[in-house]
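Next comes entry-v7.txt, a file with compact mmCIF, C-alpha atoms.
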```txt
# COMPACT_ATOMS: atom_id res chain seq x y z
CA MET A 13 30.03 -191.27 -71.40
CA VAL A 14 31.35 -194.63 -72.48
CA PRO A 15 34.87 -194.37 -73.88
CA LEU A 16 36.01 -196.53 -76.77
CA ARG A 17 38.45 -199.15 -75.49
CA ASP A 18 40.62 -200.06 -78.46
CA ALA A 19 40.92 -200.48 -82.23
CA ASP A 20 39.23 -203.89 -82.13
CA GLN A 21 36.13 -202.37 -80.55
CA LEU A 22 36.21 -199.60 -83.15
CA SER A 23 36.32 -202.14 -85.98
CA GLU A 24 33.48 -204.04 -84.36
CA LEU A 25 31.34 -200.90 -84.25
CA LEU A 26 32.20 -199.59 -87.74
CA GLY A 27 32.34 -202.89 -89.59
CA THR A 28 34.70 -203.78 -92.42
CA PRO A 29 35.33 -201.17 -95.11
CA HIS A 30 34.38 -202.09 -98.65
CA PRO A 31 37.46 -203.20 -100.67
CA LEU A 32 36.97 -200.24 -103.06
CA VAL A 33 37.50 -197.84 -100.15
CA ILE A 34 40.86 -199.45 -99.42
CA GLU A 35 41.86 -199.83 -103.09
CA LYS A 36 41.27 -196.17 -103.97
CA VAL A 37 44.31 -195.07 -101.93
CA HIS A 38 47.36 -194.46 -104.11
CA ALA A 39 50.75 -192.72 -103.87
CA GLU A 40 51.04 -191.01 -107.26
CA LEU A 41 48.83 -188.33 -108.78
CA THR A 42 46.31 -189.52 -111.36
CA GLU A 43 44.64 -187.45 -114.07
CA ASP A 44 41.54 -187.24 -111.85
CA ASP A 45 43.65 -185.98 -108.94
CA LEU A 46 45.31 -183.38 -111.16
CA SER A 47 41.87 -182.23 -112.34
CA VAL A 48 40.72 -181.64 -108.75
CA LEU A 49 43.94 -179.83 -107.85
CA ALA A 50 43.62 -177.58 -110.91
CA ARG A 51 40.04 -176.62 -109.96
CA SER A 52 40.46 -176.31 -106.20
CA PRO A 53 41.00 -172.76 -104.94
CA PHE A 54 40.97 -173.87 -101.31
CA CYS A 55 42.53 -176.46 -99.04
CA VAL A 56 42.97 -177.13 -95.35
CA LEU A 57 46.52 -177.93 -94.23
CA SER A 58 46.70 -180.03 -91.06
CA THR A 59 49.85 -180.48 -89.01
CA ALA A 60 50.93 -181.54 -85.52
CA ASP A 61 53.99 -180.62 -83.52
CA ALA A 62 56.35 -183.16 -81.93
CA ALA A 63 54.07 -183.42 -78.88
CA GLY A 64 50.98 -184.09 -81.01
CA ASN A 65 49.39 -180.63 -80.66
CA CYS A 66 47.38 -180.13 -83.85
CA ASP A 67 46.64 -177.24 -86.15
CA ALA A 68 44.47 -176.97 -89.24
CA SER A 69 44.88 -173.91 -91.41
CA PRO A 70 42.77 -172.75 -94.38
CA ARG A 71 44.77 -171.99 -97.51
CA GLY A 72 43.61 -170.07 -100.54
CA VAL A 73 45.23 -171.55 -103.62
CA GLU A 74 44.68 -169.45 -106.74
CA PRO A 75 44.23 -171.64 -109.83
CA GLY A 76 47.65 -172.40 -111.28
CA SER A 77 49.63 -171.43 -108.17
CA LEU A 78 49.85 -174.94 -106.71
CA GLN A 79 52.75 -176.60 -108.49
CA ILE A 80 53.02 -180.23 -109.49
CA LEU A 81 56.70 -181.09 -109.08
CA GLY A 82 56.47 -184.78 -109.87
CA PRO A 83 54.13 -187.77 -109.81
CA SER A 84 54.04 -187.68 -106.00
CA THR A 85 55.22 -184.15 -105.14
CA ILE A 86 53.31 -180.88 -104.92
CA ALA A 87 54.28 -177.37 -103.79
CA LEU A 88 51.81 -175.09 -102.03
CA PRO A 89 52.70 -171.37 -101.94
CA ASP A 90 52.35 -169.39 -98.74
CA ARG A 91 50.34 -166.18 -98.91
CA PRO A 92 50.48 -163.31 -96.41
CA GLY A 93 48.23 -163.93 -93.43
CA ASN A 94 48.33 -163.54 -89.69
CA ARG A 95 52.09 -164.30 -89.53
CA ARG A 96 51.68 -166.85 -86.72
CA GLY A 97 53.25 -169.63 -88.76
CA ASP A 98 51.71 -172.41 -86.66
CA ASN A 99 51.79 -174.93 -89.51
CA PHE A 100 55.38 -174.03 -90.39
CA ARG A 101 56.53 -174.39 -86.80
CA ASN A 102 54.80 -177.77 -86.60
CA ILE A 103 56.37 -178.98 -89.85
CA LEU A 104 59.81 -178.07 -88.52
CA GLU A 105 59.16 -180.48 -85.62
CA ASN A 106 57.05 -183.10 -87.42
CA PRO A 107 56.93 -183.25 -91.23
CA HIS A 108 53.70 -185.29 -91.47
CA VAL A 109 50.85 -183.29 -93.03
CA GLY A 110 47.32 -183.84 -94.26
CA LEU A 111 45.59 -181.67 -96.85
CA LEU A 112 41.95 -181.56 -97.94
CA PHE A 113 41.29 -179.87 -101.29
CA LEU A 114 37.73 -178.67 -101.99
CA VAL A 115 36.12 -177.64 -105.28
CA PRO A 116 33.32 -175.07 -104.79
CA GLY A 117 29.93 -176.32 -105.91
CA SER A 118 31.22 -179.88 -106.17
CA SER A 119 31.14 -182.81 -103.77
CA GLU A 120 34.76 -183.59 -104.63
CA VAL A 121 37.19 -183.68 -101.71
CA LEU A 122 40.75 -184.79 -102.40
CA ARG A 123 42.82 -185.91 -99.43
CA VAL A 124 46.61 -185.80 -99.56
CA ASN A 125 48.78 -187.19 -96.76
CA GLY A 126 52.53 -186.89 -96.86
CA ARG A 127 55.71 -185.39 -95.53
CA ALA A 128 56.40 -181.68 -95.90
CA THR A 129 59.47 -179.53 -96.28
CA ILE A 130 59.37 -175.76 -96.05
CA VAL A 131 61.42 -174.08 -98.78
CA THR A 132 62.42 -170.44 -99.22
CA ASP A 133 63.13 -170.59 -102.94
CA GLY A 134 63.04 -172.92 -105.88
CA PRO A 135 62.72 -172.95 -109.68
CA PHE A 136 58.91 -173.05 -109.35
CA PHE A 137 58.55 -169.89 -107.21
CA ASP A 138 58.04 -167.59 -110.22
CA ALA A 139 55.10 -169.74 -111.34
CA MET A 140 53.53 -169.36 -107.88
CA ALA A 141 53.58 -165.55 -107.99
CA HIS A 142 50.26 -163.84 -107.29
CA ARG A 143 49.64 -160.25 -108.36
CA GLY A 144 53.31 -159.95 -109.21
CA ARG A 145 54.54 -161.14 -105.80
CA ARG A 146 56.53 -164.32 -105.36
CA PRO A 147 55.85 -166.23 -102.16
CA VAL A 148 58.58 -166.09 -99.52
CA LEU A 149 57.82 -169.67 -98.45
CA ALA A 150 56.31 -172.78 -99.98
CA THR A 151 55.35 -176.13 -98.53
CA VAL A 152 56.63 -179.03 -100.63
CA VAL A 153 54.73 -182.23 -99.93
CA GLU A 154 56.03 -185.68 -100.81
CA ILE A 155 52.80 -187.66 -101.12
CA ASP A 156 52.47 -190.88 -99.13
CA GLU A 157 48.81 -191.42 -99.98
CA ILE A 158 46.14 -189.64 -101.93
CA TYR A 159 42.48 -190.39 -102.50
CA ARG A 160 39.05 -188.92 -102.97
CA HIS A 161 36.86 -188.77 -99.92
CA CYS A 162 33.31 -190.00 -99.95
CA PRO A 163 31.12 -186.99 -100.83
CA ALA A 164 28.47 -187.84 -98.21
CA SER A 165 29.72 -185.29 -95.64
CA LEU A 166 29.41 -182.37 -98.08
CA ARG A 167 25.96 -183.53 -99.16
CA ARG A 168 24.80 -183.85 -95.54
CA ALA A 169 26.22 -180.42 -94.68
CA LYS A 170 24.61 -178.86 -97.79
CA LEU A 171 27.83 -176.86 -97.91
CA TRP A 172 27.23 -175.37 -101.36
CA ASP A 173 23.46 -174.86 -100.95
CA THR A 174 23.15 -171.10 -100.37
CA SER A 175 19.56 -171.48 -99.18
CA ASN A 176 20.99 -173.49 -96.28
CA TRP A 177 23.48 -170.82 -95.23
CA PRO A 178 22.66 -169.29 -91.84
CA TYR A 179 23.40 -165.69 -92.85
CA ASP A 180 23.95 -163.34 -95.75
CA GLU A 181 27.19 -161.48 -96.24
```
Produce structure tokens that represent the structure in this file.
Amino acid sequence: MVPLRDADQLSELLGTPHPLVIEKVHAELTEDDLSVLARSPFCVLSTADAAGNCDASPRGVEPGSLQILGPSTIALPDRPGNRRGDNFRNILENPHVGLLFLVPGSSEVLRVNGRATIVTDGPFFDAMAHRGRRPVLATVVEIDEIYRHCPASLRRAKLWDTSNWPYDE
């Protein structure tokens, strides 16, 4: 194995990104971003603790349960799961989070990076109720940057092509 030495070597190997790739990053939600969020029933929430130990957790987000609190603020409800709370424990130590929102059948991937706060109540909790149950926790994310990922990885993976799936359920 030949380890990468530094960021300069990385830039040398990857080349310079096209200006459009850099320019597409923004800090406030656009109509296109809101459209993806409204259609996405699934996201991956990534966190790291103070020591840099990482966690990525899948989150089911029923349409309408993710709340838009402002032009650069969203709230993601927590749903009952395995009760480990790895992401929550990490956020308590390090508020930086990354989220990837996917739209089934589409090559759209919306990336949100920001700083999270865990809240136990708020005026938006009733709107996040699912099957009559309000969440006990929500993750409020102040967006630092948001952008659409290149769809090439989903196309290469043939993620939505059922004939490519390795098994039937």
Range 118-157 of chain A residues near range 87-98 of chain A within 10 Å, closest pair each, using only C-alpha atoms, as CSV:
```
residue,atom,partner,partner_atom,distance
A:Ala128,CA,A:Ala87,CA,9.2
A:Thr129,CA,A:Ala87,CA,9.4
A:Ile130,CA,A:Ala87,CA,9.4
A:Val131,CA,A:Ala87,CA,9.3
A:Phe136,CA,A:Ala87,CA,8.4
A:Phe137,CA,A:Pro89,CA,8.0
A:Ala139,CA,A:Pro89,CA,9.8
A:Met140,CA,A:Pro89,CA,6.3
A:Ala141,CA,A:Pro89,CA,8.4
A:His142,CA,A:Arg91,CA,8.7
A:Arg145,CA,A:Arg91,CA,9.5
A:Arg146,CA,A:Pro89,CA,8.7
A:Pro147,CA,A:Asp90,CA,5.8
A:Val148,CA,A:Asp90,CA,7.1
A:Leu149,CA,A:Asp90,CA,5.5
A:Ala150,CA,A:Pro89,CA,4.3
A:Thr151,CA,A:Leu88,CA,5.1
A:Val152,CA,A:Ala87,CA,4.3
A:Val153,CA,A:Ala87,CA,6.2
A:Glu154,CA,A:Ala87,CA,9.0
```
Excluding range 111-121 of chain A and any residue of its chain fewer than 6 positions from it, enumerate the residues within 10 Å of it, using all atoms listed in the file, and give them as a PyMOL selection string. chain A and resi 45+48-59+68-71+73+153+158-167+170-173
Could you tell me how far CA of Asn106 in chain A sits from CA of Gly126 in chain A, in Å to one decimal place? 11.1 Å
Could the centre and edge lengths of an axis-aligned box, enclosing all atoms of range 59-76 of chain A in the file with 5 Å extra on each side, be given in Å to one decimal as lines of an AutoDock Vina configuration file?
```
center_x = 49.6
center_y = -176.8
center_z = -95.1
size_x = 23.6
size_y = 24.6
size_z = 42.4
```
Computed interatomic separation between CA of Pro83 in chain A and CA of Pro107 in chain A (Å): 19.3 Å
Pick the closest to Ser84 in chain A from A:Leu26, A:Ala169, A:Val124, A:Ala19: which is it, counting only C-alpha atoms? A:Val124
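Between CA of Thr132 in chain A and CA of Leu104 in chain A there is a distance of 13.4 Å.
Counting all atoms listed in the file, the residue from A:Leu122, A:Ser175, A:Leu78, A:Pro135 that sits nearest to Lys36 in chain A is A:Leu122.
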